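Shown next: input_32.pdb, given as PDB, C-alpha atoms and all ligand atoms.
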```pdb
ATOM      1  CA  MET A 239     -47.277 -64.566  72.807
ATOM      2  CA  LYS A 240     -45.008 -61.675  73.779
ATOM      3  CA  LEU A 241     -42.803 -63.152  76.421
ATOM      4  CA  ILE A 242     -39.813 -61.959  78.429
ATOM      5  CA  LEU A 243     -37.381 -64.462  79.954
ATOM      6  CA  LEU A 244     -35.797 -63.172  83.126
ATOM      7  CA  GLY A 245     -33.163 -64.801  85.301
ATOM      8  CA  PRO A 246     -29.524 -64.769  86.364
ATOM      9  CA  PRO A 247     -26.696 -65.620  83.969
ATOM     10  CA  GLY A 248     -26.745 -69.362  83.385
ATOM     11  CA  ALA A 249     -30.341 -69.809  84.561
ATOM     12  CA  GLY A 250     -31.204 -71.485  81.263
ATOM     13  CA  LYS A 251     -32.874 -68.553  79.475
ATOM     14  CA  GLY A 252     -31.259 -69.339  76.135
ATOM     15  CA  THR A 253     -31.901 -73.080  76.504
ATOM     16  CA  GLN A 254     -35.590 -72.628  77.344
ATOM     17  CA  ALA A 255     -35.982 -69.924  74.677
ATOM     18  CA  GLU A 256     -34.957 -72.480  72.019
ATOM     19  CA  ILE A 257     -37.573 -74.953  73.250
ATOM     20  CA  LEU A 258     -40.326 -72.342  73.662
ATOM     21  CA  SER A 259     -39.619 -70.787  70.290
ATOM     22  CA  GLU A 260     -40.295 -74.119  68.595
ATOM     23  CA  LYS A 261     -43.349 -74.873  70.715
ATOM     24  CA  LEU A 262     -44.955 -71.426  70.320
ATOM     25  CA  ASN A 263     -43.695 -70.810  66.798
ATOM     26  CA  VAL A 264     -42.337 -67.339  67.598
ATOM     27  CA  LYS A 265     -38.860 -65.868  67.195
ATOM     28  CA  THR A 266     -36.405 -65.574  70.030
ATOM     29  CA  ILE A 267     -34.701 -62.209  70.248
ATOM     30  CA  SER A 268     -31.578 -62.688  72.358
ATOM     31  CA  THR A 269     -29.656 -59.497  73.053
ATOM     32  CA  GLY A 270     -26.609 -61.526  74.118
ATOM     33  CA  VAL A 271     -26.566 -63.368  70.762
ATOM     34  CA  MET A 272     -27.085 -60.081  68.875
ATOM     35  CA  LEU A 273     -24.161 -58.453  70.673
ATOM     36  CA  ARG A 274     -21.835 -61.431  70.232
ATOM     37  CA  THR A 275     -22.685 -61.530  66.506
ATOM     38  CA  ALA A 276     -21.852 -57.816  66.258
ATOM     39  CA  ILE A 277     -18.518 -58.444  68.005
ATOM     40  CA  LYS A 278     -17.733 -61.287  65.596
ATOM     41  CA  GLU A 279     -18.606 -59.130  62.604
ATOM     42  CA  LYS A 280     -16.542 -56.241  64.019
ATOM     43  CA  THR A 281     -19.342 -53.700  63.587
ATOM     44  CA  GLU A 282     -19.512 -50.382  65.468
ATOM     45  CA  LEU A 283     -22.026 -51.949  67.891
ATOM     46  CA  GLY A 284     -19.660 -54.879  68.376
ATOM     47  CA  GLU A 285     -16.801 -52.549  69.260
ATOM     48  CA  THR A 286     -18.915 -50.756  71.866
ATOM     49  CA  ALA A 287     -20.338 -54.023  73.247
ATOM     50  CA  SER A 288     -17.000 -55.772  73.684
ATOM     51  CA  ARG A 289     -15.843 -53.015  76.054
ATOM     52  CA  TYR A 290     -18.620 -54.034  78.465
ATOM     53  CA  ILE A 291     -19.326 -57.741  77.832
ATOM     54  CA  ASN A 292     -15.798 -58.959  78.442
ATOM     55  CA  ASP A 293     -15.891 -57.477  81.975
ATOM     56  CA  GLY A 294     -19.417 -58.739  82.626
ATOM     57  CA  LYS A 295     -20.807 -55.181  82.685
ATOM     58  CA  LEU A 296     -24.059 -54.062  81.081
ATOM     59  CA  VAL A 297     -24.017 -52.315  77.715
ATOM     60  CA  PRO A 298     -25.557 -48.802  78.176
ATOM     61  CA  ASP A 299     -29.363 -48.599  78.122
ATOM     62  CA  ASP A 300     -29.603 -46.187  75.182
ATOM     63  CA  VAL A 301     -27.615 -48.555  72.944
ATOM     64  CA  MET A 302     -29.678 -51.597  73.963
ATOM     65  CA  VAL A 303     -33.059 -49.875  73.710
ATOM     66  CA  GLY A 304     -32.227 -48.705  70.187
ATOM     67  CA  ILE A 305     -31.304 -52.139  68.844
ATOM     68  CA  VAL A 306     -34.182 -53.970  70.527
ATOM     69  CA  LYS A 307     -36.839 -51.499  69.360
ATOM     70  CA  GLU A 308     -35.505 -51.760  65.834
ATOM     71  CA  ARG A 309     -35.501 -55.574  65.952
ATOM     72  CA  LEU A 310     -39.023 -55.829  67.396
ATOM     73  CA  SER A 311     -40.385 -53.577  64.655
ATOM     74  CA  GLN A 312     -39.481 -56.182  62.025
ATOM     75  CA  LYS A 313     -42.138 -58.334  60.353
ATOM     76  CA  ASP A 314     -41.170 -61.623  61.988
ATOM     77  CA  CYS A 315     -42.019 -60.222  65.442
ATOM     78  CA  LYS A 316     -45.570 -59.156  64.489
ATOM     79  CA  ASN A 317     -47.230 -62.276  65.918
ATOM     80  CA  GLY A 318     -45.118 -62.429  69.037
ATOM     81  CA  PHE A 319     -41.586 -62.969  70.280
ATOM     82  CA  ILE A 320     -39.493 -64.255  73.147
ATOM     83  CA  LEU A 321     -37.099 -61.712  74.602
ATOM     84  CA  ASP A 322     -34.018 -63.341  76.133
ATOM     85  CA  GLY A 323     -31.763 -60.913  77.998
ATOM     86  CA  PHE A 324     -33.899 -57.784  77.695
ATOM     87  CA  PRO A 325     -34.970 -55.806  79.681
ATOM     88  CA  ARG A 326     -32.127 -55.945  82.169
ATOM     89  CA  THR A 327     -32.713 -52.644  83.952
ATOM     90  CA  ILE A 328     -35.801 -50.725  85.050
ATOM     91  CA  ALA A 329     -34.931 -48.081  82.433
ATOM     92  CA  GLN A 330     -35.060 -50.768  79.709
ATOM     93  CA  ALA A 331     -38.432 -52.038  80.997
ATOM     94  CA  ASP A 332     -39.753 -48.448  80.965
ATOM     95  CA  ALA A 333     -38.501 -47.993  77.410
ATOM     96  CA  LEU A 334     -40.505 -51.039  76.239
ATOM     97  CA  ALA A 335     -43.654 -49.677  77.868
ATOM     98  CA  ASP A 336     -43.036 -46.170  76.460
ATOM     99  CA  ALA A 337     -42.715 -47.658  72.981
ATOM    100  CA  GLY A 338     -46.178 -49.225  73.404
ATOM    101  CA  ILE A 339     -44.800 -52.770  73.334
ATOM    102  CA  ASP A 340     -47.262 -54.706  75.434
ATOM    103  CA  ILE A 341     -45.819 -57.798  77.081
ATOM    104  CA  ASP A 342     -48.101 -60.750  77.921
ATOM    105  CA  LYS A 343     -45.928 -62.561  80.449
ATOM    106  CA  VAL A 344     -42.562 -62.366  82.148
ATOM    107  CA  LEU A 345     -41.108 -65.740  83.037
ATOM    108  CA  LEU A 346     -38.543 -65.800  85.804
ATOM    109  CA  ILE A 347     -36.205 -68.806  85.776
ATOM    110  CA  ASP A 348     -34.472 -68.837  89.120
ATOM    111  CA  VAL A 349     -31.324 -70.710  90.146
ATOM    112  CA  SER A 350     -28.794 -70.204  92.940
ATOM    113  CA  ASP A 351     -25.451 -68.443  92.418
ATOM    114  CA  GLU A 352     -23.733 -71.776  93.126
ATOM    115  CA  THR A 353     -25.623 -73.488  90.287
ATOM    116  CA  VAL A 354     -24.775 -70.606  87.932
ATOM    117  CA  ILE A 355     -21.064 -71.141  88.448
ATOM    118  CA  LYS A 356     -21.363 -74.904  87.896
ATOM    119  CA  ARG A 357     -23.407 -74.453  84.738
ATOM    120  CA  LEU A 358     -21.367 -71.728  83.103
ATOM    121  CA  SER A 359     -18.064 -73.466  83.600
ATOM    122  CA  GLY A 360     -19.347 -76.399  81.478
ATOM    123  CA  ARG A 361     -21.222 -74.387  78.886
ATOM    124  CA  ARG A 362     -20.343 -74.515  75.203
ATOM    125  CA  GLU A 363     -22.017 -72.242  72.702
ATOM    126  CA  CYS A 364     -22.356 -72.441  68.928
ATOM    127  CA  SER A 365     -20.166 -69.827  67.284
ATOM    128  CA  GLY A 366     -22.626 -69.780  64.377
ATOM    129  CA  CYS A 367     -26.192 -69.619  65.738
ATOM    130  CA  GLY A 368     -25.593 -69.145  69.488
ATOM    131  CA  THR A 369     -27.359 -72.346  70.641
ATOM    132  CA  PRO A 370     -26.169 -73.237  74.168
ATOM    133  CA  TYR A 371     -24.956 -76.721  75.187
ATOM    134  CA  HIS A 372     -23.382 -78.168  78.311
ATOM    135  CA  VAL A 373     -20.608 -80.748  78.353
ATOM    136  CA  ASP A 374     -22.470 -82.875  80.935
ATOM    137  CA  PHE A 375     -26.100 -81.673  81.146
ATOM    138  CA  ASN A 376     -26.896 -80.980  77.487
ATOM    139  CA  PRO A 377     -24.161 -82.279  75.161
ATOM    140  CA  SER A 378     -24.306 -81.985  71.373
ATOM    141  CA  GLU A 379     -24.622 -85.241  69.414
ATOM    142  CA  LYS A 380     -21.198 -84.834  67.848
ATOM    143  CA  ASP A 381     -18.459 -83.483  70.099
ATOM    144  CA  GLY A 382     -17.709 -79.792  69.425
ATOM    145  CA  VAL A 383     -20.305 -79.449  66.631
ATOM    146  CA  CYS A 384     -23.720 -77.720  66.795
ATOM    147  CA  ASP A 385     -26.689 -80.069  66.190
ATOM    148  CA  LYS A 386     -28.667 -77.268  64.553
ATOM    149  CA  CYS A 387     -26.265 -75.589  62.126
ATOM    150  CA  GLY A 388     -23.030 -77.584  62.220
ATOM    151  CA  GLY A 389     -21.144 -74.586  63.670
ATOM    152  CA  GLU A 390     -18.145 -74.926  65.977
ATOM    153  CA  LEU A 391     -18.879 -75.043  69.723
ATOM    154  CA  ILE A 392     -16.776 -72.642  71.780
ATOM    155  CA  CYS A 393     -16.419 -71.384  75.373
ATOM    156  CA  ARG A 394     -17.791 -67.870  75.804
ATOM    157  CA  LYS A 395     -15.192 -65.253  76.746
ATOM    158  CA  ASP A 396     -17.327 -64.035  79.649
ATOM    159  CA  ASP A 397     -17.619 -67.544  81.149
ATOM    160  CA  ASN A 398     -14.522 -67.252  83.373
ATOM    161  CA  GLU A 399     -14.898 -67.210  87.141
ATOM    162  CA  GLU A 400     -14.112 -63.521  87.728
ATOM    163  CA  THR A 401     -16.473 -62.300  84.993
ATOM    164  CA  ILE A 402     -19.224 -64.694  86.111
ATOM    165  CA  LYS A 403     -19.014 -63.176  89.622
ATOM    166  CA  ASN A 404     -19.315 -59.648  88.139
ATOM    167  CA  ARG A 405     -22.295 -60.697  86.034
ATOM    168  CA  LEU A 406     -23.986 -62.195  89.082
ATOM    169  CA  SER A 407     -23.539 -59.101  91.224
ATOM    170  CA  ILE A 408     -24.811 -56.841  88.431
ATOM    171  CA  TYR A 409     -27.803 -59.152  88.042
ATOM    172  CA  HIS A 410     -28.667 -58.844  91.733
ATOM    173  CA  GLU A 411     -28.204 -55.053  91.749
ATOM    174  CA  GLN A 412     -29.687 -53.958  88.442
ATOM    175  CA  THR A 413     -31.816 -56.731  86.950
ATOM    176  CA  GLU A 414     -33.524 -58.362  89.939
ATOM    177  CA  PRO A 415     -35.619 -55.221  90.695
ATOM    178  CA  ILE A 416     -37.432 -55.944  87.412
ATOM    179  CA  LYS A 417     -39.172 -58.851  89.160
ATOM    180  CA  ALA A 418     -41.155 -56.478  91.398
ATOM    181  CA  TYR A 419     -41.799 -54.160  88.437
ATOM    182  CA  TYR A 420     -43.632 -56.871  86.472
ATOM    183  CA  GLU A 421     -45.149 -58.492  89.551
ATOM    184  CA  LYS A 422     -46.973 -55.224  90.230
ATOM    185  CA  LEU A 423     -48.356 -55.367  86.699
ATOM    186  CA  GLY A 424     -49.558 -58.964  87.315
ATOM    187  CA  LYS A 425     -47.313 -60.326  84.555
ATOM    188  CA  LEU A 426     -44.682 -62.276  86.477
ATOM    189  CA  VAL A 427     -44.707 -66.082  86.529
ATOM    190  CA  ALA A 428     -41.877 -68.172  87.932
ATOM    191  CA  ALA A 429     -40.226 -71.519  87.218
ATOM    192  CA  LYS A 430     -37.516 -73.093  89.310
ATOM    193  CA  GLY A 431     -34.388 -73.984  87.363
ATOM    194  CA  ARG A 432     -34.020 -77.714  88.115
ATOM    195  CA  GLU A 433     -30.981 -79.957  87.990
ATOM    196  CA  GLU A 434     -32.376 -81.834  84.983
ATOM    197  CA  LEU A 435     -33.083 -79.880  81.835
ATOM    198  CA  LYS A 436     -36.367 -81.691  81.108
ATOM    199  CA  ASP A 437     -37.628 -80.924  84.645
ATOM    200  CA  THR A 438     -36.943 -77.217  84.128
ATOM    201  CA  THR A 439     -38.797 -77.352  80.811
ATOM    202  CA  GLN A 440     -41.761 -78.962  82.552
ATOM    203  CA  GLU A 441     -41.774 -76.183  85.182
ATOM    204  CA  VAL A 442     -41.571 -73.562  82.436
ATOM    205  CA  PHE A 443     -44.483 -75.032  80.482
ATOM    206  CA  ALA A 444     -46.584 -75.324  83.636
ATOM    207  CA  ALA A 445     -45.816 -71.724  84.645
ATOM    208  CA  LEU A 446     -46.901 -70.510  81.211
ATOM    209  CA  GLY A 447     -49.899 -72.858  81.036
ATOM    210  CA  ILE A 448     -48.976 -74.035  77.544
ATOM    211  CA  GLY A 449     -49.550 -77.789  77.833
ATOM    212  CA  GLU A 450     -47.412 -80.864  78.065
ATOM    213  CA  THR A 451     -43.819 -81.220  76.932
ATOM    214  CA  LYS A 452     -43.045 -83.904  74.350
TER     215      LYS A 452
HETATM  216  P1  LIG A 501     -26.431 -62.875  77.798
HETATM  217  O1  LIG A 501     -25.901 -63.581  76.617
HETATM  218  O2  LIG A 501     -27.877 -62.565  77.859
HETATM  219  O3  LIG A 501     -25.923 -63.644  79.092
HETATM  220  P2  LIG A 501     -26.556 -63.909  80.542
HETATM  221  O4  LIG A 501     -27.817 -63.192  80.885
HETATM  222  O5  LIG A 501     -25.423 -63.731  81.460
HETATM  223  O6  LIG A 501     -27.102 -65.316  80.455
HETATM  224  P3  LIG A 501     -26.392 -66.534  79.820
HETATM  225  O7  LIG A 501     -26.571 -66.505  78.335
HETATM  226  O8  LIG A 501     -25.021 -66.655  80.363
HETATM  227  O9  LIG A 501     -27.234 -67.724  80.457
HETATM  228  P4  LIG A 501     -28.651 -68.316  80.065
HETATM  229  O10 LIG A 501     -29.632 -67.979  81.133
HETATM  230  O11 LIG A 501     -29.025 -68.027  78.655
HETATM  231  O12 LIG A 501     -28.339 -69.862  80.244
HETATM  232  P5  LIG A 501     -28.097 -71.008  79.175
HETATM  233  O13 LIG A 501     -29.394 -71.442  78.562
HETATM  234  O14 LIG A 501     -26.969 -70.682  78.266
HETATM  235  O15 LIG A 501     -25.647 -61.478  77.948
HETATM  236  C1  LIG A 501     -24.247 -61.423  77.878
HETATM  237  C2  LIG A 501     -23.765 -59.996  78.088
HETATM  238  O16 LIG A 501     -24.302 -59.137  77.062
HETATM  239  C3  LIG A 501     -24.192 -59.326  79.406
HETATM  240  O17 LIG A 501     -23.328 -59.653  80.447
HETATM  241  C4  LIG A 501     -24.119 -57.841  79.007
HETATM  242  O18 LIG A 501     -22.781 -57.396  78.999
HETATM  243  C5  LIG A 501     -24.612 -57.852  77.568
HETATM  244  N1  LIG A 501     -26.076 -57.648  77.477
HETATM  245  C6  LIG A 501     -26.989 -58.532  76.984
HETATM  246  N2  LIG A 501     -28.229 -58.028  77.049
HETATM  247  C7  LIG A 501     -28.109 -56.790  77.605
HETATM  248  C8  LIG A 501     -29.046 -55.775  77.958
HETATM  249  N3  LIG A 501     -30.366 -55.937  77.777
HETATM  250  N4  LIG A 501     -28.567 -54.641  78.536
HETATM  251  C9  LIG A 501     -27.240 -54.462  78.732
HETATM  252  N5  LIG A 501     -26.305 -55.379  78.427
HETATM  253  C10 LIG A 501     -26.730 -56.532  77.867
HETATM  254  O19 LIG A 501     -27.661 -72.171  80.188
HETATM  255  C11 LIG A 501     -26.410 -72.138  80.847
HETATM  256  C12 LIG A 501     -25.739 -73.517  80.829
HETATM  257  O20 LIG A 501     -26.476 -74.415  81.647
HETATM  258  C13 LIG A 501     -25.722 -74.159  79.436
HETATM  259  O21 LIG A 501     -24.514 -74.842  79.330
HETATM  260  C14 LIG A 501     -26.917 -75.101  79.441
HETATM  261  O22 LIG A 501     -26.721 -76.203  78.585
HETATM  262  C15 LIG A 501     -26.985 -75.525  80.896
HETATM  263  N6  LIG A 501     -28.351 -75.745  81.379
HETATM  264  C16 LIG A 501     -29.436 -74.999  81.098
HETATM  265  N7  LIG A 501     -30.516 -75.468  81.773
HETATM  266  C17 LIG A 501     -30.085 -76.521  82.518
HETATM  267  C18 LIG A 501     -30.699 -77.405  83.448
HETATM  268  N8  LIG A 501     -31.981 -77.300  83.784
HETATM  269  N9  LIG A 501     -29.937 -78.346  84.025
HETATM  270  C19 LIG A 501     -28.629 -78.449  83.729
HETATM  271  N10 LIG A 501     -27.990 -77.641  82.862
HETATM  272  C20 LIG A 501     -28.692 -76.691  82.260
HETATM  273 MG    MG A 502     -28.123 -66.956  77.084
END
```
Structure rendered as structure tokens:
Amino acid sequence: MKLILLGPPGAGKGTQAEILSEKLNVKTISTGVMLRTAIKEKTELGETASRYINDGKLVPDDVMVGIVKERLSQKDCKNGFILDGFPRTIAQADALADAGIDIDKVLLIDVSDETVIKRLSGRRECSGCGTPYHVDFNPSEKDGVCDKCGGELICRKDDNEETIKNRLSIYHEQTEPIKAYYEKLGKLVAAKGREELKDTTQEVFAALGIGETK
């Protein structure tokens, strides 16, 4: 399965990617996680990325296309992958097609702007592996510690109200047009982001036709 997850910030892309990755046994490639790792490791990419991410702006297309193409060419993506956070512009979607990367489905997870703000203000993310949690809706077993890798849970720098508003407006302007792009190709399926995490997962599985959740 070569799957793209599309949706506004805080829609639950990262959360559903974790679940789908286990179910479908394919890797999740999250551009957000890749960029935050680069920032943490103080690489050249990290330096470029931090200039954009901290204001909620998009990292330039040529930078993103380069790192994603390189990542998808690796062995562990041969049998499929889940792309979380890419493409985010029509130019990025065109670049995937130009590179001959054929996508099976594009799953849109849709939530209102109001829900986004509520979700992101309570989000905690693992500083080690990037797994997302929520203080109320999806808490870790042990407070402040990642269930998967034992890493420290932190608030993301771009999860403050002003930056969230910027991210939302950029999503509506630059990323939402991708819906029509993939709809025309007959690849778009949609799931409504529900209040309860398990209900969203059920919607996601139904939209993808991949059987029952546990
Ligand atoms: P990225 O990391 O991709 O951020 P985003 O798209 O803004 O999305 P988020 O990660 O904030 O949300 P999510 O949908 O993954 O939701 P989550 O599962 O965490 O990108 C960050 C930045 O990097 C961008 O702003 C840009 O600068 C740059 N960038 C990345 N890719 C790029 C690209 N291709 N081109 C250019 N720039 C790029 O869930 C949110 C919260 O809600 C969590 O706390 C979760 O526990 C909770 N939750 C999830 N589902 C539910 C539910 N159903 N009910 C209740 N709570 C829920
Ligand atoms: Mg995410």
Draw an axis-aligned box tight on the listed atoms of ligand LIG 501 (chain A), then pad every side by 8 Å and write out centre and edge lengths in Å to one decimal as JSON.
```
{"center_x": -27.4, "center_y": -66.5, "center_z": 80.3, "size_x": 25.2, "size_y": 40.0, "size_z": 23.4}
```
Residue neighbourhood region 347-359 of chain A, 10 Å, only C-alpha atoms, exclusion window fewer than 4 positions, as a ChimeraX atom specification: /A:243-251,254,371-375,393-394,396-399,402-403,406-407,427-433,438,441-442
Residues matched by the PyMOL selection byres (((chain A and resi 304) around 12) and not hetatm), written as an NGL selection string: :A and (269 or 283 or 297-303 or 305-311 or 324 or 330 or 333-334 or 337)
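Between CA of Glu285 (chain A) and CA of Arg361 (chain A) the separation is 24.3 Å.
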Of the listed residues A:Ala444, A:Leu321, A:Cys367, A:Ile341, that which approaches ligand LIG 501 (chain A) most closely, counting all atoms listed in the file: A:Leu321
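Nearest-residue note for ligand MG 502 (chain A): choosing from A:Glu282, A:Glu363, A:Asp293, A:Asp340, the minimum distance belongs to A:Glu363, counting all atoms listed in the file.
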Straight-line distance linking atom N9 of ligand LIG 501 (chain A) with CA of Gly388 (chain A), stated in Å to one decimal: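 Going from atom N9 of ligand LIG 501 (chain A) over to CA of Gly388 (chain A) covers 22.9 Å.
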Output of the PyMOL selection byres (((chain A and resi 273) around 10) and not hetatm), listed as a VMD selection string: chain A and resid 268 to 272 274 to 279 281 283 to 288 291 297 302 305
Nearby residues (only C-alpha atoms) at most 10 Å from Tyr420 (chain A), same-chain spacing under 3 positions excluded, as JSON, numbers by chain: {"A": [331, 341, 343, 344, 345, 415, 416, 417, 423, 424, 425, 426, 427]}
Point-to-point distance in Å for CA of Gly252 (chain A) and atom N4 of ligand LIG 501 (chain A):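 Separation between atom N4 of ligand LIG 501 (chain A) and CA of Gly252 (chain A): 15.1 Å.
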Distance criterion (all atoms listed in the file): nearest to ligand MG 502 (chain A) out of A:Leu435, A:Ala335, A:Leu262, A:Cys364: A:Cys364
